[in-house]
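*Asks:* What follows is protein.txt, compact mmCIF, C-alpha atoms and all ligand atoms.
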# COMPACT_ATOMS: atom_id res chain seq x y z
CA MET A 1 -16.11 9.95 4.27
CA THR A 2 -15.24 9.92 7.96
CA PRO A 3 -11.74 8.59 8.61
CA ILE A 4 -10.66 6.79 11.73
CA HIS A 5 -8.20 8.72 13.86
CA THR A 6 -4.78 7.68 15.02
CA ARG A 7 -2.19 9.56 17.05
CA ILE A 8 1.46 8.66 16.77
CA THR A 9 3.94 10.22 19.17
CA VAL A 10 7.40 10.80 17.75
CA GLY A 11 8.41 14.02 19.56
CA VAL A 12 8.09 16.66 16.80
CA ALA A 13 7.93 20.34 17.81
CA LYS A 14 4.72 21.02 15.83
CA PRO A 15 2.05 18.34 15.31
CA LEU A 16 1.45 17.17 11.74
CA ARG A 17 -1.57 15.59 10.08
CA PHE A 18 -1.66 13.10 7.25
CA LEU A 19 -4.41 11.08 5.60
CA HIS A 20 -3.54 7.43 5.11
CA VAL A 21 -5.38 6.14 2.03
CA THR A 22 -4.83 2.72 0.49
CA ASP A 23 -6.21 0.11 -1.91
CA SER A 24 -8.30 2.34 -4.15
CA HIS A 25 -8.39 -0.17 -7.05
CA LEU A 26 -9.34 2.08 -9.97
CA ILE A 27 -10.89 -0.20 -12.61
CA SER A 28 -11.17 1.63 -15.92
CA ALA A 29 -10.23 0.77 -19.49
CA ASP A 30 -11.18 2.44 -22.78
CA GLU A 31 -10.76 2.11 -26.56
CA ARG A 32 -6.96 2.44 -26.26
CA ASP A 33 -6.93 -0.83 -24.31
CA SER A 34 -7.54 -4.31 -25.72
CA GLU A 35 -10.94 -6.00 -25.73
CA ARG A 36 -9.55 -8.45 -23.13
CA LYS A 37 -8.65 -5.52 -20.91
CA ARG A 38 -12.08 -3.90 -21.33
CA GLU A 39 -13.72 -7.22 -20.44
CA LEU A 40 -11.50 -7.44 -17.34
CA ALA A 41 -12.64 -3.93 -16.38
CA ARG A 42 -16.30 -5.00 -16.74
CA GLN A 43 -15.76 -8.09 -14.58
CA ARG A 44 -13.81 -6.26 -11.90
CA ARG A 45 -16.36 -3.44 -11.82
CA GLU A 46 -19.13 -5.98 -11.27
CA ALA A 47 -17.16 -7.52 -8.39
CA TYR A 48 -16.41 -4.17 -6.71
CA ASP A 49 -19.87 -2.73 -7.26
CA LYS A 50 -21.19 -4.99 -4.50
CA HIS A 51 -19.57 -2.44 -2.16
CA GLY A 52 -21.52 0.39 -3.82
CA PHE A 53 -21.89 1.75 -7.36
CA ASP A 54 -18.57 3.01 -8.75
CA CYS A 55 -17.13 2.61 -5.24
CA CYS A 56 -13.48 2.57 -6.35
CA ARG A 57 -13.55 5.97 -8.04
CA ARG A 58 -15.98 7.49 -5.53
CA GLY A 59 -14.01 6.23 -2.52
CA LEU A 60 -10.77 7.66 -3.84
CA ASP A 61 -12.39 11.00 -4.73
CA ALA A 62 -13.97 11.26 -1.26
CA ALA A 63 -10.66 10.57 0.49
CA PHE A 64 -8.69 12.98 -1.70
CA ASP A 65 -11.39 15.68 -1.28
CA TYR A 66 -11.09 15.27 2.49
CA ALA A 67 -7.30 15.64 2.33
CA ARG A 68 -7.51 18.71 0.05
CA ARG A 69 -10.07 20.46 2.26
CA ARG A 70 -7.84 20.01 5.31
CA ASN A 71 -4.59 20.55 3.51
CA GLU A 72 -3.29 17.17 4.65
CA PRO A 73 -0.69 15.27 2.64
CA VAL A 74 -1.92 11.83 1.56
CA LEU A 75 0.12 8.76 2.45
CA HIS A 76 -1.02 6.12 -0.05
CA THR A 77 0.13 2.54 0.49
CA GLY A 78 -0.64 1.11 -2.93
CA ASP A 79 -3.16 -0.55 -5.21
CA LEU A 80 -4.26 2.85 -6.45
CA ILE A 81 -5.07 1.05 -9.71
CA ASP A 82 -6.51 -2.44 -9.98
CA PHE A 83 -4.64 -3.30 -13.19
CA VAL A 84 -2.47 -1.63 -15.78
CA SER A 85 -4.51 0.12 -18.48
CA TYR A 86 -4.15 3.39 -20.36
CA ARG A 87 -7.23 4.82 -18.68
CA ASN A 88 -6.18 3.69 -15.18
CA LEU A 89 -2.74 5.25 -15.56
CA GLU A 90 -4.29 8.45 -16.91
CA LEU A 91 -6.66 8.55 -13.92
CA ALA A 92 -3.79 7.83 -11.53
CA ARG A 93 -1.84 10.78 -12.92
CA GLU A 94 -4.87 13.06 -12.76
CA LYS A 95 -5.92 12.07 -9.21
CA LEU A 96 -2.40 12.10 -7.80
CA SER A 97 -1.71 15.55 -9.20
CA SER A 98 -4.76 16.90 -7.31
CA VAL A 99 -3.27 16.24 -3.85
CA ASP A 100 0.11 16.22 -2.14
CA CYS A 101 0.71 12.47 -2.17
CA PHE A 102 3.56 10.29 -0.97
CA PHE A 103 3.21 6.82 -2.42
CA ALA A 104 4.21 3.20 -1.76
CA ALA A 105 3.49 0.72 -4.58
CA GLY A 106 1.03 -2.17 -4.31
CA ASN A 107 0.99 -5.46 -6.19
CA HIS A 108 -1.89 -4.28 -8.41
CA GLU A 109 0.18 -1.37 -9.73
CA PHE A 110 2.00 -3.93 -11.90
CA SER A 111 -0.87 -6.32 -12.62
CA LYS A 112 -1.61 -6.56 -16.34
CA TYR A 113 -4.49 -9.00 -16.00
CA VAL A 114 -5.53 -9.68 -12.42
CA GLY A 115 -4.58 -13.19 -11.35
CA GLU A 116 -3.18 -14.14 -14.79
CA ALA A 117 0.24 -15.27 -13.64
CA GLN A 118 2.64 -15.82 -10.81
CA GLU A 119 3.56 -12.27 -9.90
CA ASP A 120 7.25 -11.90 -9.23
CA GLU A 121 10.16 -9.55 -9.90
CA ALA A 122 10.22 -10.38 -13.64
CA TYR A 123 6.50 -9.73 -13.89
CA LYS A 124 6.93 -6.39 -12.12
CA LEU A 125 9.78 -5.34 -14.39
CA ASP A 126 7.56 -5.88 -17.40
CA SER A 127 5.06 -3.24 -16.21
CA LEU A 128 7.34 -0.87 -14.31
CA PRO A 129 8.51 1.40 -17.20
CA LEU A 130 4.94 2.06 -18.31
CA VAL A 131 3.52 2.48 -14.82
CA ALA A 132 6.23 4.46 -12.99
CA PRO A 133 5.73 7.87 -14.74
CA ALA A 134 2.11 8.06 -13.51
CA PHE A 135 3.19 8.10 -9.85
CA PRO A 136 4.62 10.96 -7.80
CA ASN A 137 7.73 9.22 -6.46
CA ASP A 138 10.01 6.25 -7.10
CA LEU A 139 7.92 3.07 -6.75
CA ARG A 140 10.87 1.04 -5.46
CA PHE A 141 11.90 3.33 -2.65
CA ALA A 142 11.21 6.90 -1.63
CA ALA A 143 11.86 9.16 1.34
CA ARG A 144 10.57 12.62 2.16
CA LEU A 145 11.22 14.82 5.16
CA ALA A 146 8.03 16.48 6.45
CA GLY A 147 8.11 18.67 9.56
CA GLY A 148 10.91 16.71 11.19
CA VAL A 149 9.47 13.28 10.31
CA ASN A 150 11.04 11.10 7.63
CA LEU A 151 8.40 9.39 5.48
CA VAL A 152 9.91 6.28 3.92
CA ALA A 153 8.15 4.07 1.35
CA VAL A 154 9.64 0.65 0.60
CA ASP A 155 8.42 -1.59 -2.22
CA ASN A 156 7.37 -4.95 -0.72
CA THR A 157 4.61 -5.64 -3.23
CA TYR A 158 5.03 -9.42 -3.38
CA GLY A 159 6.00 -9.75 0.27
CA GLN A 160 9.68 -9.35 -0.61
CA VAL A 161 12.21 -6.55 -0.20
CA ARG A 162 15.36 -6.46 -2.35
CA HIS A 163 18.81 -5.79 -0.91
CA GLN A 164 18.96 -2.50 -2.88
CA GLU A 165 16.00 -1.22 -0.88
CA LEU A 166 17.57 -2.35 2.40
CA GLU A 167 20.68 -0.32 1.54
CA ARG A 168 18.57 2.76 0.80
CA PHE A 169 16.66 2.20 4.03
CA ARG A 170 19.93 2.03 6.00
CA ALA A 171 20.88 5.42 4.51
CA GLU A 172 17.59 6.93 5.73
CA ILE A 173 18.13 5.51 9.23
CA ALA A 174 21.57 7.14 9.24
CA LYS A 175 19.95 10.58 8.81
CA GLY A 176 18.62 10.27 12.37
CA TYR A 177 15.02 11.49 11.96
CA PRO A 178 11.99 9.63 13.33
CA ILE A 179 10.50 7.50 10.55
CA LEU A 180 6.99 6.55 9.46
CA LEU A 181 7.46 3.49 7.27
CA LEU A 182 5.00 2.88 4.42
CA LEU A 183 4.65 -0.67 3.09
CA HIS A 184 1.92 -2.21 0.96
CA VAL A 185 2.03 -5.70 2.49
CA PRO A 186 1.79 -5.72 6.30
CA LEU A 187 4.46 -7.41 8.34
CA TYR A 188 3.71 -10.75 9.95
CA THR A 189 2.70 -10.77 13.58
CA ARG A 190 1.16 -13.74 15.35
CA GLU A 191 -1.99 -11.69 16.09
CA LEU A 192 -2.48 -10.49 12.51
CA TYR A 193 -1.82 -13.98 11.13
CA ARG A 194 -4.51 -15.33 13.46
CA GLU A 195 -6.91 -12.60 12.34
CA GLN A 196 -6.35 -13.47 8.68
CA ILE A 197 -6.39 -17.26 8.85
CA GLU A 198 -8.54 -18.14 11.87
CA VAL A 199 -10.96 -15.23 12.18
CA ARG A 200 -11.36 -14.15 8.55
CA LYS A 201 -10.66 -17.61 7.09
CA ALA A 202 -8.45 -16.15 4.35
CA GLU A 203 -6.77 -18.64 2.00
CA SER A 204 -3.46 -16.85 2.27
CA ALA A 205 -1.88 -14.90 5.11
CA SER A 206 -0.96 -12.05 2.70
CA LEU A 207 1.72 -10.88 5.14
CA MET A 208 5.45 -10.28 4.77
CA GLY A 209 7.84 -12.49 6.71
CA CYS A 210 5.64 -15.44 7.69
CA PRO A 211 7.71 -17.96 9.68
CA ALA A 212 7.82 -21.67 8.86
CA GLU A 213 5.32 -22.54 11.62
CA HIS A 214 2.82 -20.08 10.15
CA PRO A 215 3.25 -20.53 6.40
CA ALA A 216 1.85 -17.89 4.09
CA ARG A 217 0.15 -20.67 2.05
CA ASN A 218 1.39 -18.91 -1.03
CA ASP A 219 4.89 -19.61 -2.36
CA ALA A 220 5.38 -16.05 -3.55
CA GLN A 221 5.11 -14.81 0.01
CA CYS A 222 7.76 -17.05 1.63
CA PRO A 223 10.39 -14.52 2.66
CA ASP A 224 13.66 -14.77 0.75
CA ALA A 225 17.06 -14.07 2.33
CA ASP A 226 17.03 -10.35 1.41
CA THR A 227 13.56 -9.95 2.91
CA LEU A 228 14.60 -11.66 6.14
CA ALA A 229 17.64 -9.36 6.30
CA PHE A 230 15.37 -6.32 5.88
CA ILE A 231 13.01 -7.50 8.64
CA ASP A 232 15.92 -8.30 10.92
CA PHE A 233 17.39 -4.83 10.40
CA LEU A 234 14.00 -3.12 10.82
CA LYS A 235 13.39 -4.80 14.17
CA GLY A 236 16.53 -3.24 15.59
CA GLN A 237 15.56 0.34 14.65
CA THR A 238 14.21 2.65 17.34
CA LEU A 239 13.86 5.52 14.84
CA VAL A 240 10.99 3.74 13.07
CA LYS A 241 7.95 4.96 15.01
CA ALA A 242 5.13 3.25 13.11
CA VAL A 243 4.41 1.12 10.06
CA LEU A 244 1.50 2.02 7.76
CA ALA A 245 0.24 -0.68 5.41
CA GLY A 246 -2.73 -1.79 3.31
CA HIS A 247 -3.34 -4.89 1.17
CA LEU A 248 -5.78 -6.59 3.57
CA HIS A 249 -8.64 -4.14 2.90
CA TYR A 250 -9.66 -3.93 6.57
CA ASP A 251 -8.59 -1.79 9.51
CA TRP A 252 -6.17 -3.29 11.98
CA GLU A 253 -3.66 -2.05 14.46
CA GLY A 254 -1.38 -3.99 16.73
CA PRO A 255 2.11 -4.10 18.23
CA LEU A 256 4.89 -4.99 15.83
CA TYR A 257 7.99 -5.00 18.00
CA GLY A 258 9.22 -2.84 20.87
CA ASP A 259 7.04 0.29 20.99
CA VAL A 260 6.27 0.17 17.28
CA THR A 261 2.65 -0.20 16.17
CA GLN A 262 1.57 -1.42 12.74
CA TYR A 263 -1.50 0.29 11.29
CA VAL A 264 -3.34 -1.41 8.44
CA THR A 265 -6.03 0.73 6.85
CA ALA A 266 -9.09 -0.51 4.97
CA GLY A 267 -9.45 0.03 1.21
CA SER A 268 -10.67 3.45 0.10
CA PHE A 269 -13.14 1.63 -2.18
CA LEU A 270 -14.95 0.86 1.09
CA GLY A 271 -15.10 4.59 1.85
CA ARG A 272 -12.33 4.32 4.44
CA ALA A 273 -9.19 6.23 5.35
CA ARG A 274 -7.11 6.93 8.46
CA GLU A 275 -6.30 10.43 9.64
CA ILE A 276 -2.97 10.39 11.43
CA GLU A 277 -1.82 13.05 13.86
CA VAL A 278 1.91 12.90 14.42
CA ALA A 279 2.93 14.69 17.61
FE FE B 301 -5.65 -4.22 -2.61
Will you turn the file into structure tokens for me?

*Replies:*
Amino acid sequence: MTPIHTRITVGVAKPLRFLHVTDSHLISADERDSERKRELARQRREAYDKHGFDCCRRGLDAAFDYARRRNEPVLHTGDLIDFVSYRNLELAREKLSSVDCFFAAGNHEFSKYVGEAQEDEAYKLDSLPLVAPAFPNDLRFAARLAGGVNLVAVDNTYGQVRHQELERFRAEIAKGYPILLLLHVPLYTRELYREQIEVRKAESASLMGCPAEHPARNDAQCPDADTLAFIDFLKGQTLVKAVLAGHLHYDWEGPLYGDVTQYVTAGSFLGRAREIEVA
């Protein structure tokens, strides 16, 4: 596994290195899970295997091995598991305990059967108590100070941010440290929207905060009032130095607002990761 390299300048005294890993999509189920769940695992494995045999597990292991060898904390932006199963949660616990990982949740963390239902807050709440203990930090919101940089992970799994998370984000801004913001769903920009819809011909923009003239083409992703308030607040913050995201499964970087760049990293099931030097 050879990661792509990114340098982010925030003005810390001693440079830091992180490995951004995202969208690992572990796809296991065993006898503790239902027959329906085991069948889902078979189907999903067949779909992912076109990227290489057992690519989900192997991609994650390769990325985590890389991080361990170099003693780099992992910044994971979600979809570590493809769906909720006993075996996937057991694997999540096992893999996450083998590295120093700071984690932002993805939509698949709460998915019981992929694509079975409209995924919304109620759907998430149904899975959250079972899923949360397998992960190293709060899946709604987390912050960690590392070498003078504040790592902040905000749950935006369905393209929405709740007002509770905005309040917690405000409190982190008030601490005054430069911030690397981890999100699962990338923020809308005109360029990224064009990439998704016009270049890649995606059915849905799969971005947070799509404006009316560039609809997400998916009701769940139309930003609600709390989400718009979060985006509005974020755009005024000079302490946020970069946004790291996943969800799209391909590498992308582009200006977000002001001097802030958004980095989207490809899925680790594709053997990809991004090594970030923060200077
Ligand atoms: Fe994903």

*Asks:* Residues at most 6 Å from range 176-180 of chain A, counting all atoms listed in the file, excluding those fewer than 3 positions away in the same chain, as a PyMOL selection string?

*Replies:* chain A and resi 149-151+173+239-242

*Asks:* Here is a test: counting only C-alpha atoms, which residue of A:Asp100, A:Ala63, A:Lys37, A:Phe141 is nearest to Glu116 in chain A?

*Replies:*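 Result for the nearest residue to Glu116 in chain A: A:Lys37.
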
*Asks:* Counting all atoms listed in the file, what is within 8 Å of range 186-199 of chain A, bar same-chain residues fewer than 2 positions away, as a PyMOL selection string?

*Replies:* chain A and resi 183-184+201-210+214+244-247+254+256+262+264

*Asks:* Skipping near chain neighbours, those fewer than 4 positions away, what residues fall within 7 Å of Ala41 in chain A using only C-alpha atoms, listed as a JSON list (two decimals) with C-alpha atoms, keeping the file's coordinate frame?

*Replies:*
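Final output, around26.json:
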[["chain", "number", "residue", "atom", "x", "y", "z"],
["A", 27, "ILE", "CA", -10.89, -0.20, -12.61],
["A", 28, "SER", "CA", -11.17, 1.63, -15.92],
["A", 29, "ALA", "CA", -10.23, 0.77, -19.49],
["A", 37, "LYS", "CA", -8.65, -5.52, -20.91],
["A", 45, "ARG", "CA", -16.36, -3.44, -11.82]]

*Asks:* Excluding Leu89 in chain A and its own-chain neighbours fewer than 2 positions away, which residues fall within 10 Å of it when counting all atoms listed in the file? Please give them as a PDB file with C-alpha atoms, in the frame of the given file.

*Replies:*
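Output (result-v5.pdb):
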ATOM      1  CA  LEU A  26      -9.340   2.080  -9.970  1.00  0.00           C
ATOM      2  CA  SER A  28     -11.170   1.630 -15.920  1.00  0.00           C
ATOM      3  CA  ALA A  29     -10.230   0.770 -19.490  1.00  0.00           C
ATOM      4  CA  LEU A  80      -4.260   2.850  -6.450  1.00  0.00           C
ATOM      5  CA  ILE A  81      -5.070   1.050  -9.710  1.00  0.00           C
ATOM      6  CA  PHE A  83      -4.640  -3.300 -13.190  1.00  0.00           C
ATOM      7  CA  VAL A  84      -2.470  -1.630 -15.780  1.00  0.00           C
ATOM      8  CA  SER A  85      -4.510   0.120 -18.480  1.00  0.00           C
ATOM      9  CA  TYR A  86      -4.150   3.390 -20.360  1.00  0.00           C
ATOM     10  CA  ARG A  87      -7.230   4.820 -18.680  1.00  0.00           C
ATOM     11  CA  LEU A  91      -6.660   8.550 -13.920  1.00  0.00           C
ATOM     12  CA  ALA A  92      -3.790   7.830 -11.530  1.00  0.00           C
ATOM     13  CA  ARG A  93      -1.840  10.780 -12.920  1.00  0.00           C
ATOM     14  CA  GLU A  94      -4.870  13.060 -12.760  1.00  0.00           C
ATOM     15  CA  LYS A  95      -5.920  12.070  -9.210  1.00  0.00           C
ATOM     16  CA  GLU A 109       0.180  -1.370  -9.730  1.00  0.00           C
ATOM     17  CA  LEU A 130       4.940   2.060 -18.310  1.00  0.00           C
ATOM     18  CA  VAL A 131       3.520   2.480 -14.820  1.00  0.00           C
ATOM     19  CA  ALA A 132       6.230   4.460 -12.990  1.00  0.00           C
ATOM     20  CA  PRO A 133       5.730   7.870 -14.740  1.00  0.00           C
ATOM     21  CA  ALA A 134       2.110   8.060 -13.510  1.00  0.00           C
ATOM     22  CA  PHE A 135       3.190   8.100  -9.850  1.00  0.00           C
TER      23      PHE A 135
END

*Asks:* Identify which of the residues A:Gly52, A:Pro3, A:Gly258, A:Gly78 lies closest to Thr238 in chain A, counting only C-alpha atoms when measuring atom-to-atom distances.

*Replies:*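 When distances to Thr238 in chain A are compared using only C-alpha atoms, the smallest one comes from A:Gly258.
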
*Asks:* Select from chain A every residue with an atom at most 10 Å from any atom of ligand FE 301 (chain B), then for each give the shortest pair of atoms and their distance in Å to one decimal, using all atoms listed in the file, rows by chain and rising number, as a tab-separated table.

*Replies:*
residue	atom	partner	partner_atom	distance
A:Thr22	CA	B:FE301	FE	7.6
A:Asp23	CA	B:FE301	FE	4.4
A:Ser24	CA	B:FE301	FE	7.2
A:His25	CA	B:FE301	FE	6.6
A:Thr77	CA	B:FE301	FE	9.4
A:Gly78	CA	B:FE301	FE	7.3
A:Asp79	CA	B:FE301	FE	5.1
A:Leu80	CA	B:FE301	FE	8.2
A:Ile81	CA	B:FE301	FE	8.9
A:Asp82	CA	B:FE301	FE	7.6
A:Gly106	CA	B:FE301	FE	7.2
A:Asn107	CA	B:FE301	FE	7.6
A:His108	CA	B:FE301	FE	6.9
A:Glu109	CA	B:FE301	FE	9.6
A:His184	CA	B:FE301	FE	8.6
A:Val185	CA	B:FE301	FE	9.3
A:Gly246	CA	B:FE301	FE	7.0
A:His247	CA	B:FE301	FE	4.5
A:Leu248	CA	B:FE301	FE	6.6
A:His249	CA	B:FE301	FE	6.3
A:Ala266	CA	B:FE301	FE	9.1
A:Gly267	CA	B:FE301	FE	6.9
A:Ser268	CA	B:FE301	FE	9.6
A:Phe269	CA	B:FE301	FE	9.5

*Asks:* For CA of Leu40 in chain A and CA of Asn88 in chain A, determine how far apart the two atoms are, in Å to one decimal place.

*Replies:*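 Pair CA of Leu40 in chain A / CA of Asn88 in chain A returns 12.5 Å.
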
*Asks:* Quick check, in Å to one decimal: how far apart do CA of Val21 in chain A and CA of Arg36 in chain A lie?

*Replies:* 29.4 Å

*Asks:* Point out the residue among A:Ser97, A:Gln43, A:Thr2, A:Gln160 with the least atom-to-atom distance to Leu228 in chain A, counting only C-alpha atoms.

*Replies:* A:Gln160

*Asks:* Using all atoms listed in the file, which of the listed residues (A:Ala153, A:Leu270, A:Ile276, A:Ala143) sits closest to Asp49 in chain A?

*Replies:* A:Leu270

*Asks:* Could you give me, as number ranges by chain, the residues within 8 Å of Val12 in chain A, counting all atoms listed in the file and dropping anything in the same chain fewer than 4 positions from it?

*Replies:* A: 147-149, 278-279

*Asks:* Tell me which of A:Arg140, A:His76, A:Lys50, A:Arg17 sits closest to Glu165 in chain A, counting all atoms listed in the file.

*Replies:*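 Nearest candidate to Glu165 in chain A out of A:Arg140, A:His76, A:Lys50, A:Arg17: A:Arg140.
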
*Asks:* Can you measure CA of Phe102 in chain A to CA of Lys235 in chain A for me? One decimal in Å is fine.

*Replies:*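 If I compute the distance from CA of Phe102 in chain A to CA of Lys235 in chain A, I get 23.5 Å.
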
*Asks:* Counting only C-alpha atoms, which residue out of A:Tyr250, A:Gly11, A:Thr261, A:Tyr158 sits closest to Arg200 in chain A?

*Replies:*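 Closest residue, counting only C-alpha atoms: A:Tyr250.
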